[in-house]
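Taking it in order: structure first as structure tokens, then the write-up.
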Amino acid sequence: MKKLIVLLLLIHTSAIISFGQQKSVPYGDNPAAGKYYNIRGIKLYCEVYGEGKPLLMIHGNGSSMSAFSKNVPFFSKKYKVILVDSRAHGKSTDPSDSLSFEQMADDFSTLLDTMHIAKTYVIGWSDGGINALLLAMRHPDKVIKLASTGANLWPDSTALIPSLWADMQKEYHAKKDLARTSAKEKNDWKIFMLDYDQPNIAPSSLYAIKCPSLIICGDHDLIPVEHTLTIYQHIAKAWLWVVPNSGHPTLIEHTDDFNNKVDEFFNQ
């Protein structure tokens with residue numbers, strides 16, 4: 001009986017340690033999983049977790065791959081999860097003075113080629129949701145299915161909630177003439193201007209998306225539900241999910257529902 005109790009305690013302790021290790025994975029700063037790729041004149045930083053069908057995850061503006069820390073443990077059990085810091089974000093470099101969503105979408109396409117991945121599932125959040133749409137538009141052969149949450153097609157008070165757009169305009173006018181000398185100051189402004197001036201996607205151009213697409217927003221998102229509905233209506237094979245009681249971070253505020261619903265969509 002004592003041996004059995006000791007064995008059970010060892011199993012329980014091992015499970016606790018394993019769980020703790022899983023929870024403490026430093027996504028975005030994990031040398032064991034990370035690698036730089038030379039892509040289109042820049043270095044993109046990537047981390048890969050799990051095995052199976054490839055799944056590219058694309059984060060939002062000013063963020064990094066660590067934004068998906070609550071989603072990777074679930075998806076890496078079934079997929080080969082490819083996390084990437086977008087151009088000018090996280091550990092990925094970009095010395096140029098301009099930035100566009102089209103550039104970024106082409107980066108991801110070239111990254112897939114470099115990793116010898118012909119097609120992938122895609123999850124994109126916020127700016128990453130825009131990039132998911134553009135990747136499917138510009139490189140339709142690369143995307144099996146996509147889930148895009150919190151994306152917008154243009155920058156104004158109809159595509160963003162008016163209070164957010166007003167704050168962005170205030171910040172632009174307050175800072176547009178400031179001198180920027182450090183690399184960080186220049187990069188931060190470049191990232192801000194990305195969302196202030198872009199994207200500029202005509203709804204009709206979304207018809208270029210041929211893959212099944214799950215279009216998502218929160219019911220009190222930073223993107224008005226009506227704007228998300230416009231995206232949904234202009235993609236031939238689209239499904240719409242307005243997440244109840246959710247703001248912009250649908251995949252964080254409702255992690256389990258998000259993970260399960262997106263996985264179900266990918267596998268239906």
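Every chain in the structure tokens takes a letter, A first, then B, and so on in the order presented; its residues are numbered from 1, and the ligands are numbered from 1 following the presented order.
Within range 148-267 of chain A, the backbone-based DSSP assignment of strand (DSSP E or B) covers A:Ser148, A:Thr149, A:Ser213, A:Leu214, A:Ile215, A:Ile216, A:Cys217, A:Gly218, A:Ala238, A:Trp239, A:Leu240, A:Trp241, A:Val242, A:Val243.
Residue neighbourhood of Thr120 in chain A, excluding near-sequence residues (fewer than 5 positions): Lys53, Pro54, Leu55, Leu56, Leu112, Lys142, Val143, Ile144, Lys145 and Leu146 of chain A, at 9 Å, using only C-alpha atoms.
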9 Å contact set for Ala147 in chain A, only C-alpha atoms, chain neighbours under 5 positions out, as a PyMOL selection string | chain A and resi 121-125+129+132-133+212-216+262+265-266
List the neighbours of range 234-241 of chain A out to 7 Å using only C-alpha atoms; skip same-chain residues closer than 2 positions along the sequence, and give me the result as a PyMOL selection string.
-> chain A and resi 203-204+206-207+209-217+230-232+243
Distance criterion (only C-alpha atoms): nearest to Ser109 in chain A out of A:His248, A:Arg138, A:His254, A:His227 =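 That would be A:Arg138, the residue with the smallest distance to Ser109 in chain A.
Every protein, DNA or RNA residue with an atom at most 7 Å from Thr255 in chain A, where only C-alpha atoms count and chain neighbours fewer than 3 positions away do not, is listed here: Lys70, Asn71, Leu251, Ile252, Phe258 and Asn259 of chain A.
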